[in-house]
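Here is target-v7.pdb, consisting of PDB, C-alpha atoms:
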ATOM      1  CA  MET A  14      41.126  12.180  30.723
ATOM      2  CA  ASP A  15      42.169  12.776  27.122
ATOM      3  CA  THR A  16      39.977  15.051  25.015
ATOM      4  CA  PRO A  17      38.537  13.140  22.032
ATOM      5  CA  PRO A  18      39.568  14.477  18.633
ATOM      6  CA  THR A  19      37.311  16.853  16.756
ATOM      7  CA  VAL A  20      36.052  15.091  13.638
ATOM      8  CA  GLY A  21      34.669  16.847  10.578
ATOM      9  CA  VAL A  22      32.659  15.230   7.791
ATOM     10  CA  ALA A  23      32.510  16.796   4.318
ATOM     11  CA  LEU A  24      29.221  15.451   2.928
ATOM     12  CA  SER A  25      28.033  15.961  -0.660
ATOM     13  CA  HIS A  26      24.676  15.470  -2.340
ATOM     14  CA  GLY A  27      24.354  13.946  -5.809
ATOM     15  CA  PHE A  28      24.068  15.118  -9.403
ATOM     16  CA  THR A  29      21.012  17.352 -10.005
ATOM     17  CA  GLY A  30      19.951  16.749  -6.400
ATOM     18  CA  GLU A  31      19.725  19.144  -3.480
ATOM     19  CA  LEU A  32      20.645  19.152   0.188
ATOM     20  CA  ALA A  33      17.307  17.557   1.085
ATOM     21  CA  GLY A  34      18.737  14.218  -0.030
ATOM     22  CA  ILE A  35      21.459  14.253   2.631
ATOM     23  CA  VAL A  36      20.015  16.404   5.443
ATOM     24  CA  PRO A  37      18.858  13.399   7.527
ATOM     25  CA  TRP A  38      22.303  11.798   7.199
ATOM     26  CA  ALA A  39      24.009  15.061   8.162
ATOM     27  CA  THR A  40      21.659  15.458  11.132
ATOM     28  CA  ALA A  41      22.442  11.938  12.349
ATOM     29  CA  LEU A  42      26.193  12.488  12.045
ATOM     30  CA  ARG A  43      25.948  15.742  13.981
ATOM     31  CA  ALA A  44      23.968  13.956  16.672
ATOM     32  CA  ALA A  45      26.790  11.402  16.811
ATOM     33  CA  GLY A  46      29.201  14.214  17.692
ATOM     34  CA  PHE A  47      30.754  15.071  14.348
ATOM     35  CA  ARG A  48      30.961  18.475  12.700
ATOM     36  CA  VAL A  49      29.352  18.213   9.256
ATOM     37  CA  SER A  50      29.609  20.503   6.219
ATOM     38  CA  THR A  51      27.091  20.032   3.380
ATOM     39  CA  PRO A  52      27.910  22.371   0.485
ATOM     40  CA  LEU A  53      25.286  22.989  -2.186
ATOM     41  CA  LEU A  54      27.183  22.291  -5.398
ATOM     42  CA  PRO A  55      27.220  25.132  -7.970
ATOM     43  CA  GLY A  56      24.391  24.882 -10.481
ATOM     44  CA  HIS A  57      22.254  22.867  -8.087
ATOM     45  CA  GLY A  58      19.186  24.255  -6.376
ATOM     46  CA  THR A  59      18.989  27.151  -8.836
ATOM     47  CA  SER A  60      18.138  26.367 -12.465
ATOM     48  CA  VAL A  61      18.861  23.864 -15.192
ATOM     49  CA  GLU A  62      20.457  26.676 -17.183
ATOM     50  CA  ASP A  63      22.912  27.315 -14.354
ATOM     51  CA  LEU A  64      23.819  23.650 -14.131
ATOM     52  CA  ALA A  65      24.483  23.449 -17.875
ATOM     53  CA  ARG A  66      27.213  26.083 -17.568
ATOM     54  CA  ILE A  67      29.220  24.545 -14.729
ATOM     55  CA  PRO A  68      32.445  22.569 -15.383
ATOM     56  CA  TRP A  69      32.946  19.555 -13.150
ATOM     57  CA  ARG A  70      35.999  21.074 -11.490
ATOM     58  CA  VAL A  71      33.780  23.792 -10.026
ATOM     59  CA  TRP A  72      31.668  21.126  -8.301
ATOM     60  CA  TYR A  73      34.816  19.538  -6.929
ATOM     61  CA  GLU A  74      36.279  22.865  -5.803
ATOM     62  CA  ALA A  75      33.105  23.659  -3.834
ATOM     63  CA  TYR A  76      33.319  20.291  -2.112
ATOM     64  CA  GLU A  77      37.051  20.662  -1.507
ATOM     65  CA  ALA A  78      36.448  24.106   0.015
ATOM     66  CA  ALA A  79      34.125  22.496   2.563
ATOM     67  CA  TYR A  80      36.890  20.020   3.389
ATOM     68  CA  LEU A  81      39.483  22.779   3.774
ATOM     69  CA  GLU A  82      37.249  24.739   6.121
ATOM     70  CA  LEU A  83      36.737  21.651   8.273
ATOM     71  CA  ALA A  84      40.449  20.833   8.176
ATOM     72  CA  ARG A  85      41.256  24.248   9.657
ATOM     73  CA  ASP A  86      39.055  23.637  12.691
ATOM     74  CA  CYS A  87      39.004  19.855  13.148
ATOM     75  CA  ASP A  88      41.663  17.330  14.093
ATOM     76  CA  THR A  89      40.643  15.031  11.277
ATOM     77  CA  VAL A  90      38.196  15.012   8.360
ATOM     78  CA  VAL A  91      36.126  12.270   6.751
ATOM     79  CA  ALA A  92      34.884  12.417   3.142
ATOM     80  CA  ALA A  93      31.291  11.337   2.480
ATOM     81  CA  GLY A  94      28.770  11.549  -0.317
ATOM     82  CA  LEU A  95      25.723  10.226  -2.128
ATOM     83  CA  SER A  96      25.883   9.143  -5.785
ATOM     84  CA  MET A  97      28.013  11.710  -7.659
ATOM     85  CA  GLY A  98      28.826  13.080  -4.223
ATOM     86  CA  GLY A  99      30.481   9.730  -3.629
ATOM     87  CA  ALA A 100      32.714  10.349  -6.633
ATOM     88  CA  LEU A 101      33.660  13.734  -5.187
ATOM     89  CA  ALA A 102      34.489  12.092  -1.857
ATOM     90  CA  LEU A 103      36.635   9.453  -3.543
ATOM     91  CA  ARG A 104      38.465  12.071  -5.596
ATOM     92  CA  LEU A 105      39.084  14.110  -2.455
ATOM     93  CA  ALA A 106      40.567  11.037  -0.768
ATOM     94  CA  ALA A 107      42.979  10.690  -3.687
ATOM     95  CA  HIS A 108      44.179  14.300  -3.427
ATOM     96  CA  ARG A 109      43.796  15.268   0.246
ATOM     97  CA  LEU A 110      44.491  13.684   3.606
ATOM     98  CA  VAL A 111      41.224  12.230   4.906
ATOM     99  CA  ALA A 112      40.778   9.826   7.790
ATOM    100  CA  ALA A 113      38.073   7.746   6.118
ATOM    101  CA  VAL A 114      35.554   7.700   3.286
ATOM    102  CA  THR A 115      31.904   6.653   3.494
ATOM    103  CA  VAL A 116      29.714   6.725   0.386
ATOM    104  CA  VAL A 117      26.188   5.707  -0.594
ATOM    105  CA  ASN A 118      25.531   4.294  -4.080
ATOM    106  CA  PRO A 119      28.619   5.996  -5.483
ATOM    107  CA  ALA A 120      28.646   6.635  -9.217
ATOM    108  CA  LEU A 121      31.883   6.325 -11.182
ATOM    109  CA  VAL A 122      30.570   4.954 -14.470
ATOM    110  CA  VAL A 123      27.642   6.286 -16.516
ATOM    111  CA  ASP A 124      25.481   3.286 -17.361
ATOM    112  CA  ASP A 125      23.394   5.139 -19.983
ATOM    113  CA  PRO A 126      24.796   4.088 -23.399
ATOM    114  CA  ARG A 127      24.159   7.595 -24.711
ATOM    115  CA  SER A 128      27.084   8.782 -22.601
ATOM    116  CA  HIS A 129      29.452   7.522 -25.289
ATOM    117  CA  VAL A 130      28.283  10.322 -27.574
ATOM    118  CA  SER A 131      27.595  12.988 -24.943
ATOM    119  CA  ALA A 132      30.424  15.191 -26.227
ATOM    120  CA  VAL A 133      28.533  15.567 -29.517
ATOM    121  CA  MET A 134      25.001  15.006 -28.226
ATOM    122  CA  ARG A 135      25.156  18.091 -25.979
ATOM    123  CA  TYR A 136      25.167  20.301 -29.079
ATOM    124  CA  VAL A 137      22.132  18.572 -30.591
ATOM    125  CA  VAL A 138      19.967  17.558 -27.624
ATOM    126  CA  LYS A 139      20.019  20.060 -24.774
ATOM    127  CA  THR A 140      18.221  18.057 -22.067
ATOM    128  CA  VAL A 141      17.084  14.553 -21.157
ATOM    129  CA  PRO A 142      14.587  13.374 -18.476
ATOM    130  CA  GLY A 143      15.688  13.754 -14.871
ATOM    131  CA  ILE A 144      17.050  11.013 -12.629
ATOM    132  CA  HIS A 145      16.042  12.259  -9.182
ATOM    133  CA  ASN A 146      13.782  10.720  -6.521
ATOM    134  CA  ASP A 147      14.624   7.061  -7.093
ATOM    135  CA  ILE A 148      13.248   6.194  -3.633
ATOM    136  CA  LYS A 149      11.284   3.101  -2.604
ATOM    137  CA  ARG A 150       9.779   4.656   0.524
ATOM    138  CA  PRO A 151       6.642   6.698  -0.258
ATOM    139  CA  GLY A 152       6.421  10.405   0.447
ATOM    140  CA  GLN A 153      10.125  11.258   0.148
ATOM    141  CA  ASP A 154      11.567  14.021  -2.032
ATOM    142  CA  GLU A 155      15.233  14.845  -2.555
ATOM    143  CA  GLY A 156      14.448  17.908  -4.650
ATOM    144  CA  GLY A 157      16.383  18.314  -7.862
ATOM    145  CA  TYR A 158      15.602  18.975 -11.499
ATOM    146  CA  ASP A 159      13.021  17.228 -13.639
ATOM    147  CA  ILE A 160      15.356  17.427 -16.641
ATOM    148  CA  VAL A 161      19.118  17.038 -16.989
ATOM    149  CA  PRO A 162      21.271  19.233 -19.226
ATOM    150  CA  VAL A 163      23.289  16.977 -21.511
ATOM    151  CA  ALA A 164      26.213  19.395 -21.144
ATOM    152  CA  ALA A 165      26.170  18.796 -17.378
ATOM    153  CA  ALA A 166      25.891  15.038 -17.855
ATOM    154  CA  HIS A 167      28.994  15.231 -20.034
ATOM    155  CA  GLN A 168      30.824  17.092 -17.266
ATOM    156  CA  MET A 169      29.791  14.398 -14.809
ATOM    157  CA  LYS A 170      31.272  11.771 -17.113
ATOM    158  CA  LEU A 171      34.546  13.709 -17.178
ATOM    159  CA  LEU A 172      34.530  13.848 -13.368
ATOM    160  CA  PHE A 173      34.015  10.096 -13.203
ATOM    161  CA  ARG A 174      36.852   9.453 -15.642
ATOM    162  CA  ASP A 175      39.235  11.643 -13.663
ATOM    163  CA  THR A 176      38.215  10.050 -10.356
ATOM    164  CA  VAL A 177      38.674   6.488 -11.592
ATOM    165  CA  GLU A 178      42.176   7.377 -12.763
ATOM    166  CA  ALA A 179      42.971   8.858  -9.342
ATOM    167  CA  LEU A 180      41.576   5.976  -7.254
ATOM    168  CA  PRO A 181      44.913   4.161  -6.730
ATOM    169  CA  ARG A 182      46.137   7.204  -4.770
ATOM    170  CA  ALA A 183      43.273   6.966  -2.259
ATOM    171  CA  VAL A 184      44.224   4.820   0.733
ATOM    172  CA  ALA A 185      41.895   5.809   3.612
ATOM    173  CA  PRO A 186      39.531   3.153   5.001
ATOM    174  CA  LEU A 187      36.451   3.072   2.795
ATOM    175  CA  GLN A 188      32.836   2.158   3.529
ATOM    176  CA  VAL A 189      30.470   1.654   0.584
ATOM    177  CA  PHE A 190      26.698   1.347   0.976
ATOM    178  CA  ARG A 191      25.155  -0.216  -2.128
ATOM    179  CA  SER A 192      21.480  -0.785  -2.861
ATOM    180  CA  THR A 193      20.610  -4.112  -4.433
ATOM    181  CA  VAL A 194      18.033  -2.315  -6.611
ATOM    182  CA  ASP A 195      19.143   1.048  -8.038
ATOM    183  CA  HIS A 196      17.469   2.635 -11.058
ATOM    184  CA  VAL A 197      20.143   5.349 -11.423
ATOM    185  CA  VAL A 198      23.443   3.535 -10.915
ATOM    186  CA  THR A 199      21.951   0.506 -12.590
ATOM    187  CA  SER A 200      24.973  -1.765 -12.957
ATOM    188  CA  GLU A 201      27.804  -2.894 -10.688
ATOM    189  CA  ARG A 202      30.400  -1.249 -12.918
ATOM    190  CA  SER A 203      30.913   1.679 -10.543
ATOM    191  CA  LEU A 204      31.415  -0.665  -7.604
ATOM    192  CA  GLY A 205      33.737  -2.764  -9.744
ATOM    193  CA  ALA A 206      35.856   0.296 -10.504
ATOM    194  CA  ILE A 207      36.224   0.947  -6.781
ATOM    195  CA  LEU A 208      37.072  -2.634  -5.855
ATOM    196  CA  GLY A 209      39.501  -2.930  -8.744
ATOM    197  CA  ARG A 210      41.342   0.371  -8.470
ATOM    198  CA  TYR A 211      41.050   1.794  -4.952
ATOM    199  CA  GLY A 212      44.484   2.129  -3.378
ATOM    200  CA  GLY A 213      43.508   1.188   0.166
ATOM    201  CA  THR A 214      42.905  -2.368   1.317
ATOM    202  CA  ASP A 215      40.287  -1.631   4.001
ATOM    203  CA  ILE A 216      37.062  -1.558   1.955
ATOM    204  CA  ARG A 217      33.797  -2.420   3.690
ATOM    205  CA  LEU A 218      30.747  -3.109   1.562
ATOM    206  CA  VAL A 219      27.270  -2.910   3.082
ATOM    207  CA  ARG A 220      24.360  -4.094   0.939
ATOM    208  CA  LEU A 221      21.058  -2.244   1.301
ATOM    209  CA  THR A 222      18.194  -4.582   0.474
ATOM    210  CA  ASP A 223      15.166  -2.324   0.995
ATOM    211  CA  SER A 224      16.147   0.942  -0.703
ATOM    212  CA  TYR A 225      16.650   2.387  -4.152
ATOM    213  CA  HIS A 226      19.247   4.957  -5.234
ATOM    214  CA  VAL A 227      18.565   7.762  -2.737
ATOM    215  CA  ALA A 228      18.994   5.386   0.172
ATOM    216  CA  THR A 229      19.599   8.238   2.629
ATOM    217  CA  LEU A 230      15.851   8.968   2.405
ATOM    218  CA  ASP A 231      14.750   5.375   2.042
ATOM    219  CA  ASN A 232      13.947   2.342   4.189
ATOM    220  CA  ASP A 233      17.612   1.569   4.954
ATOM    221  CA  ALA A 234      18.461   5.113   6.041
ATOM    222  CA  GLU A 235      18.921   4.204   9.705
ATOM    223  CA  THR A 236      21.391   1.509   8.697
ATOM    224  CA  ILE A 237      23.409   4.132   6.852
ATOM    225  CA  PHE A 238      23.258   6.581   9.739
ATOM    226  CA  THR A 239      24.202   4.078  12.437
ATOM    227  CA  ARG A 240      26.877   2.205  10.555
ATOM    228  CA  SER A 241      28.579   5.236   9.046
ATOM    229  CA  ALA A 242      28.904   6.787  12.511
ATOM    230  CA  ALA A 243      30.244   3.508  13.892
ATOM    231  CA  PHE A 244      32.696   3.213  10.984
ATOM    232  CA  ILE A 245      34.002   6.729  11.560
ATOM    233  CA  ARG A 246      34.428   6.141  15.287
ATOM    234  CA  GLU A 247      36.203   2.854  14.732
ATOM    235  CA  THR A 248      38.441   4.174  11.993
ATOM    236  CA  ILE A 249      39.660   7.213  13.905
ATOM    237  CA  GLY A 250      39.611   5.614  17.331
ATOM    238  CA  THR A 251      36.883   7.715  18.927
ATOM    239  CA  ALA A 252      34.413   4.979  19.852
ATOM    240  CA  THR A 253      32.914   5.657  23.285
ATOM    241  CA  HIS A 254      30.394   2.833  23.366
ATOM    242  CA  ALA A 255      29.490  -0.347  21.522
ATOM    243  CA  ASP A 256      27.987   0.258  18.094
ATOM    244  CA  ALA A 257      26.656  -2.072  15.427
ATOM    245  CA  PRO A 258      29.601  -4.101  14.080
ATOM    246  CA  VAL A 259      31.082  -3.265  10.711
ATOM    247  CA  GLU A 260      32.537  -6.420   9.240
ATOM    248  CA  GLY A 261      35.239  -7.328   6.835
ATOM    249  CA  THR A 262      37.913  -5.766   4.677
ATOM    250  CA  ARG A 263      38.182  -5.757   0.903
ATOM    251  CA  PRO A 264      35.377  -7.956  -0.516
ATOM    252  CA  THR A 265      36.476 -10.470  -3.121
ATOM    253  CA  ASP A 266      34.518 -12.799  -5.368
ATOM    254  CA  GLY A 267      31.181 -11.707  -3.985
ATOM    255  CA  ALA A 268      32.161 -11.861  -0.317
ATOM    256  CA  GLU A 269      30.324  -8.908   1.198
ATOM    257  CA  SER A 270      29.187  -7.734   4.590
ATOM    258  CA  ALA A 271      25.464  -8.080   5.221
ATOM    259  CA  ALA A 272      23.297  -5.045   5.814
TER     260      ALA A 272
END
Mind turning this structure into structure tokens?
Amino acid sequence: MDTPPTVGVALSHGFTGELAGIVPWATALRAAGFRVSTPLLPGHGTSVEDLARIPWRVWYEAYEAAYLELARDCDTVVAAGLSMGGALALRLAAHRLVAAVTVVNPALVVDDPRSHVSAVMRYVVKTVPGIHNDIKRPGQDEGGYDIVPVAAAHQMKLLFRDTVEALPRAVAPLQVFRSTVDHVVTSERSLGAILGRYGGTDIRLVRLTDSYHVATLDNDAETIFTRSAAFIRETIGTATHADAPVEGTRPTDGAESAA
């Protein structure tokens, strides 16, 4: 009997968040038989002052290092992330060989109109109110900062710009979980950037109807856990039993898979 391949998952939390936001997802993926690495991005989980000093490439390098460690020990690696972590996963797919990508409410466009002047604003206004804990389910806490350094928000915008430009080079099968109500990634512009520029043709969109932005801690969390594991198994050919179906390919003109 053939030995199934060892599969690693590089899983990133979001901007200003902490590992608490993705721990349940990581735990579920480990229970499904995957090796999971969840790096704490530099400047996160320490202080707002630390975050304000970090260039976006340092966040990406920390995430990429997790991928490289997995790649040394695993037969194949999947990129995964929440929110800005989704952008990191998509950028990784454009620059490294990954077997698949699965992301939750990925951010690639800053919807806040103030972002247009963030390069100047960061020298005048140091912080703005935080964006963490957008969760419908009561009693959940992803951690994170109550305020956001404008300098860090500007770096995030630069990361998004670079990732959007790189998207045509990413070709791995992609699964996108998207909440119908999201108070952080408020528009569909980020999803539109993915659908319009992603280089691969196998894009599977799953709508989450009972969760807000941090859906990994919300009412649709089990959907994310079950369907991401099924997607990974299907994509890399390691399915050992019947899982919930994952429908469709690239959605067009509003044609989407149902949650």
query: Which residues match the PyMOL selection byres ((chain A and resi 227-235) around 7) in the file above, as a list of chain:residue names?
result: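 Taken over the shown coordinates, the PyMOL selection byres ((chain A and resi 227-235) around 7) returns A:Gly34, A:Ile35, A:Trp38, A:Asn146, A:Asp147, A:Ile148, A:Lys149, A:Arg150, A:Gln153, A:Leu221, A:Asp223, A:Ser224, A:Tyr225, A:His226, A:Thr236, A:Ile237, A:Phe238, A:Thr239.
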Edge lengths and centre in Å, axis-aligned, segment 145-159 of chain A plus 6 Å each side, as AutoDock Vina command-line options:
--center_x 11.4 --center_y 11.0 --center_z -6.6 --size_x 22.0 --size_y 27.9 --size_z 26.2
query: If the PyMOL selection byres ((chain A and resi 21) around 6) is run on the structure shown, which residues does it catch, given as a list of chain:residue names?
result: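 That selection, the PyMOL selection byres ((chain A and resi 21) around 6), comes back as A:Val20, A:Val22, A:Phe47, A:Arg48, A:Val49, A:Leu83, A:Cys87, A:Val90.
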Atom CA of Ala243 of chain A to atom CA of Ala44 of chain A, straight-line distance in Å: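 Separating atom CA of Ala44 of chain A from atom CA of Ala243 of chain A is a distance of 12.5 Å.
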task: Could you check how far atom CA of Leu180 of chain A sits from atom CA of Gly94 of chain A, in Å to one decimal?
output: 15.6 Å
query: Can you tell me how far atom CA of Ile67 of chain A sits from atom CA of Ala164 of chain A, in Å to one decimal?
result: 8.8 Å
- request: Run through the PyMOL selection byres ((chain A and resi 249) around 9) on the given coordinates and return the selected residues as a ChimeraX atom specification.
  value: /A:18,20,89,112-113,244-248,250-252
query: Leaving out Ala92 of chain A and any residue of its chain fewer than 5 positions from it, which residues lie within 6 Å of it when counting all atoms listed in the file, given as a ChimeraX atom specification?
result: /A:22-23,102,114
How about saving the chosen residues, C-alpha atoms kept, as a compact mmCIF listing (two decimals), in the coordinates of the input?
# COMPACT_ATOMS: atom_id res chain seq x y z
CA VAL A 22 32.66 15.23 7.79
CA ALA A 23 32.51 16.80 4.32
CA ALA A 102 34.49 12.09 -1.86
CA VAL A 114 35.55 7.70 3.29
- request: Compile the contact shell of Ala65 of chain A as a PyMOL selection string: residues with an atom at most 8 Å away, counting all atoms listed in the file, same-chain residues fewer than 2 positions apart removed.
  value: chain A and resi 56+61-63+67+162-165
Using C-alpha atoms, can you export the residues from the last selection as a tab-separated table (two decimals), in the coordinates of the input?
chain	number	residue	atom	x	y	z
A	56	GLY	CA	24.39	24.88	-10.48
A	61	VAL	CA	18.86	23.86	-15.19
A	62	GLU	CA	20.46	26.68	-17.18
A	63	ASP	CA	22.91	27.32	-14.35
A	67	ILE	CA	29.22	24.54	-14.73
A	162	PRO	CA	21.27	19.23	-19.23
A	163	VAL	CA	23.29	16.98	-21.51
A	164	ALA	CA	26.21	19.40	-21.14
A	165	ALA	CA	26.17	18.80	-17.38
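With all atoms listed in the file as the atoms that count, the residue of A:Pro142, A:Pro37, A:Gly212, A:Gly98 with the shortest distance to Val184 of chain A is A:Gly212.
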message: With distances taken over only C-alpha atoms, which residue among A:Val122, A:Ala106, A:Val161, A:Val141 lies nearest His57 of chain A?
response: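 The closest residue to His57 of chain A is A:Val161.
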field: Shortest interatomic distance to Gln188 of chain A - which of A:Tyr211, A:Tyr76, A:Trp69, A:Tyr158, counting all atoms listed in the file
entry: A:Tyr211
Find the spatial neighbours of Pro68 of chain A, counting all atoms listed in the file, within a cut-off of 12 Å - ignore same-chain residues fewer than 6 positions away - and output them as an mmCIF file with C-alpha atoms, keeping the file's coordinate frame.
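out-v9.cif was written with the following content:
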data_model
loop_
_atom_site.group_PDB
_atom_site.id
_atom_site.type_symbol
_atom_site.label_atom_id
_atom_site.label_comp_id
_atom_site.auth_asym_id
_atom_site.auth_seq_id
_atom_site.Cartn_x
_atom_site.Cartn_y
_atom_site.Cartn_z
ATOM 1 C CA LEU A 54 27.183 22.291 -5.398
ATOM 2 C CA PRO A 55 27.220 25.132 -7.970
ATOM 3 C CA GLY A 56 24.391 24.882 -10.481
ATOM 4 C CA GLU A 74 36.279 22.865 -5.803
ATOM 5 C CA ALA A 75 33.105 23.659 -3.834
ATOM 6 C CA ALA A 164 26.213 19.395 -21.144
ATOM 7 C CA ALA A 165 26.170 18.796 -17.378
ATOM 8 C CA ALA A 166 25.891 15.038 -17.855
ATOM 9 C CA HIS A 167 28.994 15.231 -20.034
ATOM 10 C CA GLN A 168 30.824 17.092 -17.266
ATOM 11 C CA MET A 169 29.791 14.398 -14.809
ATOM 12 C CA LYS A 170 31.272 11.771 -17.113
ATOM 13 C CA LEU A 171 34.546 13.709 -17.178
ATOM 14 C CA LEU A 172 34.530 13.848 -13.368
#
message: Considering all atoms listed in the file, can you say which of A:Leu53, A:Leu218, A:Val111, A:Leu42 comes closest to Ala185 of chain A?
response: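 Checking each of A:Leu53, A:Leu218, A:Val111, A:Leu42 against Ala185 of chain A, counting all atoms listed in the file, the winner is A:Val111.
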Using all atoms listed in the file: which of A:Ala100, A:Phe28, A:Ala33, A:Ala39 has the shortest distance to Asp154 of chain A: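 When distances to Asp154 of chain A are compared using all atoms listed in the file, the smallest one comes from A:Ala33.
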field: Minimum-distance residue to Glu31 of chain A, chosen among A:Ile216, A:Leu95, A:Ala84, A:Val194 (using only C-alpha atoms)
entry: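 Under the stated criterion, the closest residue is A:Leu95.
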message: Using all atoms listed in the file, which protein or nucleic acid residues come within 8 Å of His145 of chain A? Drop anything in the same chain fewer than 3 positions from it, and give the result as a list in words.
response: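 Here the qualifying residues turn out to be Thr29, Gly30, Glu155, Gly156, Gly157, Tyr158 and Asp159 of chain A.
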Kindly complete segment 56-76 of chain A to N, CA and C atoms; the output should be written as an mmCIF file, keeping the file's coordinate frame.
data_model
loop_
_atom_site.group_PDB
_atom_site.id
_atom_site.type_symbol
_atom_site.label_atom_id
_atom_site.label_comp_id
_atom_site.auth_asym_id
_atom_site.auth_seq_id
_atom_site.Cartn_x
_atom_site.Cartn_y
_atom_site.Cartn_z
ATOM 1 N N GLY A 56 25.321 25.318 -9.453
ATOM 2 C CA GLY A 56 24.391 24.882 -10.481
ATOM 3 C C GLY A 56 23.255 24.039 -9.963
ATOM 4 N N HIS A 57 23.300 23.666 -8.707
ATOM 5 C CA HIS A 57 22.254 22.867 -8.087
ATOM 6 C C HIS A 57 21.385 23.764 -7.205
ATOM 7 N N GLY A 58 20.099 23.472 -7.191
ATOM 8 C CA GLY A 58 19.186 24.255 -6.376
ATOM 9 C C GLY A 58 18.886 25.625 -6.935
ATOM 10 N N THR A 59 19.257 25.853 -8.197
ATOM 11 C CA THR A 59 18.989 27.151 -8.836
ATOM 12 C C THR A 59 18.172 26.941 -10.102
ATOM 13 N N SER A 60 18.843 26.599 -11.205
ATOM 14 C CA SER A 60 18.138 26.367 -12.465
ATOM 15 C C SER A 60 18.929 25.408 -13.333
ATOM 16 N N VAL A 61 18.217 24.770 -14.243
ATOM 17 C CA VAL A 61 18.861 23.864 -15.192
ATOM 18 C C VAL A 61 19.872 24.614 -16.048
ATOM 19 N N GLU A 62 19.548 25.860 -16.369
ATOM 20 C CA GLU A 62 20.457 26.676 -17.183
ATOM 21 C C GLU A 62 21.777 26.920 -16.453
ATOM 22 N N ASP A 63 21.692 27.154 -15.146
ATOM 23 C CA ASP A 63 22.912 27.315 -14.354
ATOM 24 C C ASP A 63 23.751 26.044 -14.396
ATOM 25 N N LEU A 64 23.102 24.917 -14.181
ATOM 26 C CA LEU A 64 23.819 23.650 -14.131
ATOM 27 C C LEU A 64 24.535 23.373 -15.447
ATOM 28 N N ALA A 65 23.910 23.732 -16.558
ATOM 29 C CA ALA A 65 24.483 23.449 -17.875
ATOM 30 C C ALA A 65 25.788 24.200 -18.111
ATOM 31 N N ARG A 66 26.023 25.260 -17.345
ATOM 32 C CA ARG A 66 27.213 26.083 -17.568
ATOM 33 C C ARG A 66 28.392 25.728 -16.659
ATOM 34 N N ILE A 67 28.206 24.787 -15.754
ATOM 35 C CA ILE A 67 29.220 24.545 -14.729
ATOM 36 C C ILE A 67 30.171 23.414 -15.129
ATOM 37 N N PRO A 68 31.481 23.663 -15.179
ATOM 38 C CA PRO A 68 32.445 22.569 -15.383
ATOM 39 C C PRO A 68 32.552 21.715 -14.124
ATOM 40 N N TRP A 69 32.920 20.470 -14.288
ATOM 41 C CA TRP A 69 32.946 19.555 -13.150
ATOM 42 C C TRP A 69 33.932 20.001 -12.086
ATOM 43 N N ARG A 70 35.004 20.649 -12.481
ATOM 44 C CA ARG A 70 35.999 21.074 -11.490
ATOM 45 C C ARG A 70 35.432 22.099 -10.516
ATOM 46 N N VAL A 71 34.420 22.836 -10.927
ATOM 47 C CA VAL A 71 33.780 23.792 -10.026
ATOM 48 C C VAL A 71 32.990 23.055 -8.946
ATOM 49 N N TRP A 72 32.341 21.945 -9.318
ATOM 50 C CA TRP A 72 31.668 21.126 -8.301
ATOM 51 C C TRP A 72 32.691 20.620 -7.292
ATOM 52 N N TYR A 73 33.793 20.091 -7.822
ATOM 53 C CA TYR A 73 34.816 19.538 -6.929
ATOM 54 C C TYR A 73 35.417 20.622 -6.037
ATOM 55 N N GLU A 74 35.688 21.790 -6.593
ATOM 56 C CA GLU A 74 36.279 22.865 -5.803
ATOM 57 C C GLU A 74 35.363 23.303 -4.664
ATOM 58 N N ALA A 75 34.051 23.303 -4.900
ATOM 59 C CA ALA A 75 33.105 23.659 -3.834
ATOM 60 C C ALA A 75 33.144 22.615 -2.719
ATOM 61 N N TYR A 76 33.233 21.360 -3.112
ATOM 62 C CA TYR A 76 33.319 20.291 -2.112
ATOM 63 C C TYR A 76 34.655 20.347 -1.373
#
